[in-house]
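**Q** Would you mind keeping the following structure in view while I ask a few things?
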Amino acid sequence: MEWKLVREDSGSIAVRKGDLDSKFAAMTWAREWLGNNADHDRYRLQPEGDDREMLMIRTITGQWYGMFVGAEADAT
């Protein structure tokens, strides 16, 4: 599945990555990419063609955390 990271403030796509087979793989890739390349503190991690997104937030210490947004958040 193809995933993308979208800037929260502008809605522009920062980067895309294909061939990630799970949410865990996507989260691992996103945290690594954000740790090396992010120029903002909020992004959305989204699977292509799907609305199940995760908000990625950088803490004051520089760590990245993901939180489900929408229906998945309500289910947990």
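For the structure tokens, the naming scheme is as follows: chains receive sequential letters (A, B, ...) according to their order of presentation, residues are indexed from 1 within each chain, and ligands are indexed from 1 in presentation order.
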Give me, as a VMD selection string, all polymer residues having an atom no more than 8 Å from segment 27-30 of chain A, counting only C-alpha atoms and skipping those fewer than 3 positions away in the same chain.

**A** chain A and resid 5 23 to 24 33 to 34 45 66

**Q** Quick one: DSSP helix (DSSP H, G or I) residues in segment 3-65 of chain A, as JSON, numbers by chain?

**A** {"A": [23, 24, 25, 26, 27, 28, 29, 30, 31, 32, 33, 34, 35, 36, 37]}

**Q** May I have the residues from that selection written out with C-alpha atoms, as a PDB file, in the first residue's frame?

**A**
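File written: selection_38.pdb
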```
ATOM      1  CA  LYS A  23       0.424   0.349   9.690  1.00  0.00           C
ATOM      2  CA  PHE A  24       3.445  -0.511  11.816  1.00  0.00           C
ATOM      3  CA  ALA A  25       5.751  -0.369   8.772  1.00  0.00           C
ATOM      4  CA  ALA A  26       4.190   2.947   7.735  1.00  0.00           C
ATOM      5  CA  MET A  27       4.592   4.401  11.234  1.00  0.00           C
ATOM      6  CA  THR A  28       8.224   3.270  11.409  1.00  0.00           C
ATOM      7  CA  TRP A  29       8.975   4.813   8.010  1.00  0.00           C
ATOM      8  CA  ALA A  30       7.143   8.047   8.909  1.00  0.00           C
ATOM      9  CA  ARG A  31       8.948   8.499  12.229  1.00  0.00           C
ATOM     10  CA  GLU A  32      12.331   7.977  10.562  1.00  0.00           C
ATOM     11  CA  TRP A  33      11.558  10.370   7.702  1.00  0.00           C
ATOM     12  CA  LEU A  34      10.131  13.010  10.030  1.00  0.00           C
ATOM     13  CA  GLY A  35      13.103  12.743  12.376  1.00  0.00           C
ATOM     14  CA  ASN A  36      15.470  13.565   9.509  1.00  0.00           C
ATOM     15  CA  ASN A  37      13.435  15.889   7.274  1.00  0.00           C
TER      16      ASN A  37
END
```

**Q** Pick out the closest residue to Arg58 of chain A from this set: A:Leu20, A:Gly70, A:Val15, A:Arg42. Count only C-alpha atoms.

**A**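 For Arg58 of chain A, the nearest of the candidates is A:Arg42.
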
**Q** How far is it from atom CA of Asp21 of chain A to atom CA of Asp50 of chain A, in Å with one decimal?

**A**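 Separating atom CA of Asp21 of chain A from atom CA of Asp50 of chain A is a distance of 14.3 Å.
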
**Q** Neighbours of Asp41 of chain A within 8 Å (only C-alpha atoms; same-chain residues fewer than 2 positions away dropped), as a list in words?

**A**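 Skipping anything fewer than 2 positions along the chain leaves Ala38, Asp39, Tyr43, Ile57, Arg58 and Thr59 of chain A.
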
**Q** With C-alpha atoms retained, export the selected residues as a PDB file, in the first residue's frame.

**A**
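File selection_32.pdb, as written:
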```pdb
ATOM      1  CA  ALA A  38      10.494  17.554   9.046  1.00  0.00           C
ATOM      2  CA  ASP A  39      10.301  21.335   9.014  1.00  0.00           C
ATOM      3  CA  TYR A  43       1.819  15.967   9.795  1.00  0.00           C
ATOM      4  CA  ILE A  57       3.028  15.202  16.370  1.00  0.00           C
ATOM      5  CA  ARG A  58       6.567  16.201  17.374  1.00  0.00           C
ATOM      6  CA  THR A  59       7.043  16.672  21.109  1.00  0.00           C
TER       7      THR A  59
END
```

**Q** What does the structure give for the distance between atom CA of Gly62 of chain A and atom CA of Ser12 of chain A, in Å to one decimal?

**A**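 Computing the Euclidean distance for atom CA of Gly62 of chain A and atom CA of Ser12 of chain A yields 22.0 Å.
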
**Q** Looking only at the backbone, which of the residues in chain A does DSSP tag as strand (DSSP E or B), as a short mmCIF file (atom, residue, chain, number, x, y, z; two decimals) with C-alpha atoms, in the first residue's frame?

**A**
```
data_model
loop_
_atom_site.label_atom_id
_atom_site.label_comp_id
_atom_site.auth_asym_id
_atom_site.auth_seq_id
_atom_site.Cartn_x
_atom_site.Cartn_y
_atom_site.Cartn_z
CA TRP A 3 1.35 6.03 2.13
CA LYS A 4 1.87 9.77 2.22
CA LEU A 5 2.83 12.38 4.79
CA VAL A 6 0.82 15.59 4.52
CA ARG A 7 1.64 18.84 6.31
CA ILE A 13 2.11 16.37 0.44
CA ALA A 14 5.59 16.24 1.92
CA VAL A 15 6.53 12.73 0.74
CA ARG A 16 5.07 9.43 -0.53
CA LYS A 17 6.22 5.89 0.06
CA ARG A 42 2.40 18.29 12.72
CA TYR A 43 1.82 15.97 9.80
CA ARG A 44 -0.86 13.46 8.80
CA LEU A 45 0.12 9.94 7.79
CA GLN A 46 -2.44 8.66 5.26
CA PRO A 47 -2.78 5.51 3.19
CA MET A 54 -2.91 9.27 11.79
CA LEU A 55 -1.84 12.62 13.17
CA MET A 56 1.94 12.73 13.70
CA ILE A 57 3.03 15.20 16.37
CA ARG A 58 6.57 16.20 17.37
CA TRP A 64 7.33 11.77 17.04
CA TYR A 65 4.04 10.25 18.18
CA GLY A 66 1.07 9.06 16.14
CA MET A 67 -2.59 9.38 17.10
CA PHE A 68 -5.49 7.92 15.12
#
```
